[in-house]
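Below: the structure, in C-alpha cells.
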Amino acid sequence: MNPGRFRPVRRAAMGVITAALVLPLLTGCGSDPATGEEAGPAAPSTDVTAALRKNPELTKLLPQEVRERGTLTLGASVGAPPSSYFPSTSSKVPAGQDVDIADAVSTLLGVRLTRQQASFDAILPALDSGKYDVGTGNFGVTDERRRTIDFVTYINDGQGFAVREDDTSLDEVTRLDQLCGRSIGVGAGTTFEATLEAEKKVCAARGRKPYQVHVYSDNGSLLTSLQQNRVEVVMSTINGLRHQAAQPAAGTRFLNEYHRLDVGFAFKKGSPLLKAFQAAVNELIEDGTYRRILDKWGTGESAIEESRISPPEQK
C-alpha cells in the first residue's frame, strides 16, 4: 500500500465503447414512493467485498475522535445506475458502484457510514457546514470545485451526450456549437449545467440561435423529458448514459464521450479524512477488490491506477 502515489491516468479519446455490461436488462422503471428517486434494474447479486476486513494501519490515519466515535456521516445522492440507484420501487437501500466503493473504504477504515440521502446540488454546500463528513454523487473534480472542496478520486468518468434512439440528426458532439438551436437536458448543480451555461456564447459568436438548457432535479425526470421530446439531447455521465442506452426500455442512444473527469469522494476543504480515504482506495486497487467492483458494474473502462487528492481538472 502506498497512500501517496500520484501517477495520473488519461482515458481513451471520444467514442471508445465499454465492454458489455453485466447488469440485467431494464424491464421497467418507476419512482421509489418514499424518495421519489428513479428505480432501476435489479442489482447484481455478487458480493465482491465480503472478504474485506478492518486494516489497522489504515485506521491509524483517521483522526482520533473519528476512531473513538466509529462512525462517519455520508451525504449521498442517489441517481441512476451504475453509480447509485434504487433497484426497485420498494428499495430502501441503494445499490451501485459508488455504494460498493464507499462501503469497502469504510470497512478497511473500521468505521460505519451513516448514509443520509440528499439531492446532488445540496451535498457540496453541506460539507462546509459540517452536516456531512464526506459526500458521494459521482462528483466530477473541476478546478472551480477545488477552490472550496477537496476530493479523493476513485474513478474516471465524465461528460457525454445521448439522444432518443430514433433521432439520427446527431452522430456525435465534439463542439458545443453543434447544439445551437437545440434543447438540452441536464441535472441540477452538475458540471454539465456549468459547462453549457459557460459556453452559451459559442452560438452567438457564429450568428446562430442559442441552445436552451433545461435543468432537472432527478434522473427519472430527465429521461422522461428526452423520451417525450421535451428535450432533444441529454448531457450526463458517460457511464450512466452508456448503461441507460443498453436498456431497450429506455429508448436512448449514446453519442460519445465529450470530456473525461476524475470523480471522487467530496470533503470540506482541508479535511483530516483525506489521507485515510486515499490510502483505503489505493489498498482496494492493490488487492484487486477495486477491479472486482468495477467489473460487477460494467465500468472497467473508467478504472484509475491510483487515487489522488484534489488533482487538477483533466483538460
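Starting from 1 in every chain, residues are counted up; chains themselves are A, B, ... following the order of the C-alpha cells, and ligands are numbered from 1 as listed.
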
I'd like the neighbourhood of region 175-179 of chain A as a list of chain:residue names, where a residue qualifies if any of its atoms comes within 7 Å (using only C-alpha atoms), though same-chain residues fewer than 6 positions away should be ignored. A:Val202, A:Cys203, A:Tyr211

Find the nearest atom pair between each residue of region 122-219 of chain A and region 245-254 of chain A for residues within 6 Å, count only C-alpha atoms, give distances in Å to one decimal, sort rows by chain and ascending number, and present the table as a tab-separated table.
residue	atom	partner	partner_atom	distance
A:Ala162	CA	A:Phe254	CA	4.4
A:Val163	CA	A:Arg253	CA	5.4
A:Arg164	CA	A:Thr252	CA	4.3
A:Glu165	CA	A:Thr252	CA	4.4

Restricting to only C-alpha atoms, whichever of A:Tyr132, A:Phe151, A:Phe86, A:Trp297 is closest to Asn239 (chain A) is A:Trp297

Any idea what the distance is between CA of Thr174 (chain A) and CA of Glu144 (chain A)? 22.4 Å

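Minimum atom-to-atom distances from A:Asn156, A:Val233, A:Ser119, A:Val141 to Ile304 (chain A) were compared using only C-alpha atoms, and the lowest value belongs to A:Asn156.
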
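CA of Cys180 (chain A) sits 9.8 Å away from CA of Gly207 (chain A).
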
Step one, run DSSP on the backbone; step two, keep only residues of region 104-264 of chain A assigned to helix (DSSP H, G or I); then write them as a count of residues only. 57

Would you tabulate, counting only C-alpha atoms, all residues of region 129-233 of chain A that have an atom at most 9 Å from an atom of region 59-80 of chain A, showing the closest pair of atoms and their distance in Å to one decimal, sorted by chain then ascending number, as a tab-separated table?
residue	atom	partner	partner_atom	distance
A:Lys131	CA	A:Thr73	CA	7.9
A:Tyr132	CA	A:Thr73	CA	5.2
A:Asp133	CA	A:Thr73	CA	5.2
A:Val134	CA	A:Leu74	CA	5.1
A:Gly135	CA	A:Gly75	CA	4.6
A:Thr136	CA	A:Ala76	CA	5.0
A:Gly137	CA	A:Ser77	CA	4.7
A:Asn138	CA	A:Ser77	CA	8.3
A:Asp218	CA	A:Gly79	CA	6.7
A:Asn219	CA	A:Gly79	CA	6.0
A:Gly220	CA	A:Ala80	CA	8.2

Generate a file of the selected residues that holds N, CA and C atoms, formatted as an mmCIF file, in the first residue's frame.
data_model
loop_
_atom_site.group_PDB
_atom_site.id
_atom_site.type_symbol
_atom_site.label_atom_id
_atom_site.label_comp_id
_atom_site.auth_asym_id
_atom_site.auth_seq_id
_atom_site.Cartn_x
_atom_site.Cartn_y
_atom_site.Cartn_z
ATOM 1 N N LYS A 131 -22.395 19.350 8.121
ATOM 2 C CA LYS A 131 -23.528 18.427 8.176
ATOM 3 C C LYS A 131 -23.104 17.017 7.797
ATOM 4 N N TYR A 132 -22.211 16.902 6.805
ATOM 5 C CA TYR A 132 -21.688 15.608 6.375
ATOM 6 C C TYR A 132 -20.169 15.603 6.504
ATOM 7 N N ASP A 133 -19.616 14.419 6.801
ATOM 8 C CA ASP A 133 -18.161 14.257 6.814
ATOM 9 C C ASP A 133 -17.620 14.045 5.412
ATOM 10 N N VAL A 134 -18.419 13.377 4.569
ATOM 11 C CA VAL A 134 -17.998 13.033 3.218
ATOM 12 C C VAL A 134 -19.238 12.968 2.343
ATOM 13 N N GLY A 135 -19.059 13.225 1.049
ATOM 14 C CA GLY A 135 -20.176 13.178 0.123
ATOM 15 C C GLY A 135 -19.876 12.319 -1.082
ATOM 16 N N THR A 136 -20.908 11.650 -1.609
ATOM 17 C CA THR A 136 -20.788 10.920 -2.870
ATOM 18 C C THR A 136 -21.980 11.271 -3.757
ATOM 19 N N GLY A 137 -21.734 11.238 -5.065
ATOM 20 C CA GLY A 137 -22.779 11.564 -6.019
ATOM 21 C C GLY A 137 -22.216 11.646 -7.421
ATOM 22 N N ASN A 138 -21.148 10.896 -7.671
ATOM 23 C CA ASN A 138 -20.444 10.977 -8.956
ATOM 24 C C ASN A 138 -19.938 12.402 -9.199
ATOM 25 N N ASP A 218 -33.868 15.278 -10.913
ATOM 26 C CA ASP A 218 -33.579 13.848 -10.790
ATOM 27 C C ASP A 218 -33.492 13.223 -12.172
ATOM 28 N N ASN A 219 -32.830 12.063 -12.219
ATOM 29 C CA ASN A 219 -32.570 11.400 -13.488
ATOM 30 C C ASN A 219 -33.841 10.892 -14.152
ATOM 31 N N GLY A 220 -34.825 10.482 -13.351
ATOM 32 C CA GLY A 220 -36.066 9.986 -13.920
ATOM 33 C C GLY A 220 -36.783 11.047 -14.743
#

Contacts of region 27-111 of chain A with region 274-290 of chain A up to 12 Å, shortest pair per row, only C-alpha atoms, as a tab-separated table:
residue	atom	partner	partner_atom	distance
A:Asp47	CA	A:Thr289	CA	10.6
A:Val48	CA	A:Thr289	CA	6.9
A:Thr49	CA	A:Thr289	CA	6.7
A:Ala50	CA	A:Thr289	CA	9.9
A:Ala51	CA	A:Thr289	CA	9.2
A:Leu52	CA	A:Thr289	CA	8.5
A:Arg53	CA	A:Leu284	CA	11.4
A:Lys54	CA	A:Ala280	CA	10.3
A:Asn55	CA	A:Ala280	CA	8.8
A:Pro56	CA	A:Ala280	CA	11.2
A:Glu57	CA	A:Ala276	CA	9.7
A:Leu58	CA	A:Ala276	CA	6.2
A:Thr59	CA	A:Ala276	CA	7.3
A:Lys60	CA	A:Ala276	CA	8.2
A:Leu61	CA	A:Ala276	CA	5.0
A:Leu62	CA	A:Ala276	CA	5.9
A:Pro63	CA	A:Ala276	CA	9.1
A:Val66	CA	A:Ala276	CA	11.3
A:Arg67	CA	A:Ala276	CA	11.5
A:Leu72	CA	A:Phe277	CA	11.9
A:Gln97	CA	A:Tyr290	CA	9.9
A:Asp98	CA	A:Tyr290	CA	11.1
A:Asp100	CA	A:Tyr290	CA	9.3
A:Ile101	CA	A:Tyr290	CA	7.5
A:Ala102	CA	A:Val281	CA	9.2
A:Asp103	CA	A:Ala280	CA	11.0
A:Ala104	CA	A:Leu284	CA	7.8
A:Val105	CA	A:Ala280	CA	5.6
A:Ser106	CA	A:Ala280	CA	8.4
A:Thr107	CA	A:Ala280	CA	9.2
A:Leu108	CA	A:Ala280	CA	6.5
A:Leu109	CA	A:Ala280	CA	7.1
A:Gly110	CA	A:Ala280	CA	10.7
A:Val111	CA	A:Ala276	CA	11.5

Could you save those same residues with C-alpha atoms as a tab-separated table (two decimals), in the first residue's frame?
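The file below, selection36.tsv, is the result:
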chain	number	residue	atom	x	y	z
A	47	ASP	CA	-20.75	-9.76	-3.18
A	48	VAL	CA	-17.23	-8.75	-4.16
A	49	THR	CA	-16.32	-7.14	-0.83
A	50	ALA	CA	-17.25	-9.91	1.61
A	51	ALA	CA	-13.61	-10.82	2.33
A	52	LEU	CA	-12.61	-7.29	3.39
A	53	ARG	CA	-11.63	-6.64	6.99
A	54	LYS	CA	-10.54	-3.64	9.02
A	55	ASN	CA	-6.95	-2.63	8.27
A	56	PRO	CA	-5.31	-1.32	11.48
A	57	GLU	CA	-2.62	0.58	9.56
A	58	LEU	CA	-5.27	2.49	7.61
A	59	THR	CA	-7.33	3.14	10.71
A	60	LYS	CA	-4.33	4.94	12.25
A	61	LEU	CA	-4.66	7.59	9.52
A	62	LEU	CA	-8.05	8.67	10.86
A	63	PRO	CA	-8.36	11.43	13.48
A	66	VAL	CA	-13.29	9.51	14.45
A	67	ARG	CA	-11.64	6.28	15.63
A	72	LEU	CA	-18.85	8.94	9.64
A	97	GLN	CA	-20.64	1.21	-7.90
A	98	ASP	CA	-20.39	4.26	-5.60
A	100	ASP	CA	-19.83	-0.60	-3.05
A	101	ILE	CA	-16.69	1.55	-3.09
A	102	ALA	CA	-17.83	3.67	-0.14
A	103	ASP	CA	-18.74	0.58	1.88
A	104	ALA	CA	-15.41	-1.08	1.04
A	105	VAL	CA	-13.46	2.00	2.15
A	106	SER	CA	-15.38	2.22	5.43
A	107	THR	CA	-14.71	-1.48	6.11
A	108	LEU	CA	-10.96	-1.03	5.64
A	109	LEU	CA	-11.00	2.05	7.86
A	110	GLY	CA	-13.01	0.31	10.56
A	111	VAL	CA	-15.83	2.87	10.64

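You can rank A:Thr299, A:Tyr258, A:Arg182, A:Ala266 by their closest distance to Phe120 (chain A) using only C-alpha atoms, and at the top of that list sits A:Ala266.
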
If I take CA of Ser45 (chain A) and CA of Ala95 (chain A), how far is one from the other in Å, to one decimal? 10.4 Å

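Every residue of region 60-128 of chain A found in strand (DSSP E) when DSSP is run on the backbone appears here: Thr71, Leu72, Thr73, Leu74, Gly75, Ala76, Arg112, Leu113, Thr114, Arg115, Gln116 and Gln117 of chain A.
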
Those same residues - N, CA and C atoms - I'd like them written as an mmCIF file, in the first residue's frame.
data_model
loop_
_atom_site.group_PDB
_atom_site.id
_atom_site.type_symbol
_atom_site.label_atom_id
_atom_site.label_comp_id
_atom_site.auth_asym_id
_atom_site.auth_seq_id
_atom_site.Cartn_x
_atom_site.Cartn_y
_atom_site.Cartn_z
ATOM 1 N N THR A 71 -17.933 6.201 13.573
ATOM 2 C CA THR A 71 -18.900 6.464 12.510
ATOM 3 C C THR A 71 -18.517 7.714 11.726
ATOM 4 N N LEU A 72 -18.976 7.757 10.484
ATOM 5 C CA LEU A 72 -18.852 8.939 9.642
ATOM 6 C C LEU A 72 -20.197 9.174 8.967
ATOM 7 N N THR A 73 -20.563 10.427 8.801
ATOM 8 C CA THR A 73 -21.825 10.763 8.144
ATOM 9 C C THR A 73 -21.577 11.004 6.666
ATOM 10 N N LEU A 74 -22.261 10.230 5.835
ATOM 11 C CA LEU A 74 -22.108 10.304 4.385
ATOM 12 C C LEU A 74 -23.347 10.945 3.770
ATOM 13 N N GLY A 75 -23.158 12.059 3.080
ATOM 14 C CA GLY A 75 -24.229 12.656 2.291
ATOM 15 C C GLY A 75 -24.194 12.027 0.916
ATOM 16 N N ALA A 76 -25.244 11.291 0.547
ATOM 17 C CA ALA A 76 -25.224 10.509 -0.687
ATOM 18 C C ALA A 76 -26.368 10.905 -1.606
ATOM 19 N N ARG A 112 -18.236 2.899 10.565
ATOM 20 C CA ARG A 112 -19.558 2.665 9.981
ATOM 21 C C ARG A 112 -20.051 3.946 9.339
ATOM 22 N N LEU A 113 -20.550 3.833 8.118
ATOM 23 C CA LEU A 113 -21.092 5.001 7.425
ATOM 24 C C LEU A 113 -22.563 5.172 7.765
ATOM 25 N N THR A 114 -22.913 6.350 8.241
ATOM 26 C CA THR A 114 -24.309 6.717 8.417
ATOM 27 C C THR A 114 -24.723 7.446 7.150
ATOM 28 N N ARG A 115 -25.436 6.736 6.276
ATOM 29 C CA ARG A 115 -25.759 7.274 4.951
ATOM 30 C C ARG A 115 -27.033 8.102 5.020
ATOM 31 N N GLN A 116 -26.932 9.373 4.610
ATOM 32 C CA GLN A 116 -28.088 10.265 4.560
ATOM 33 C C GLN A 116 -28.305 10.691 3.112
ATOM 34 N N GLN A 117 -29.466 10.373 2.589
ATOM 35 C CA GLN A 117 -29.755 10.721 1.201
ATOM 36 C C GLN A 117 -29.990 12.217 1.074
#

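Proximity of A:Val152, A:Leu273, A:Val263, A:Met235 to Ala303 (chain A), computed with only C-alpha atoms, is greatest for A:Val263.
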
Excluding Asp128 (chain A) and any residue of its chain fewer than 2 positions from it, enumerate the residues within 9 Å of it, using only C-alpha atoms, and give them as a list of chain:residue names. A:Leu124, A:Pro125, A:Ala126, A:Gly130, A:Lys131, A:Tyr132, A:Thr148, A:Ile149, A:Phe267, A:Lys268, A:Lys269
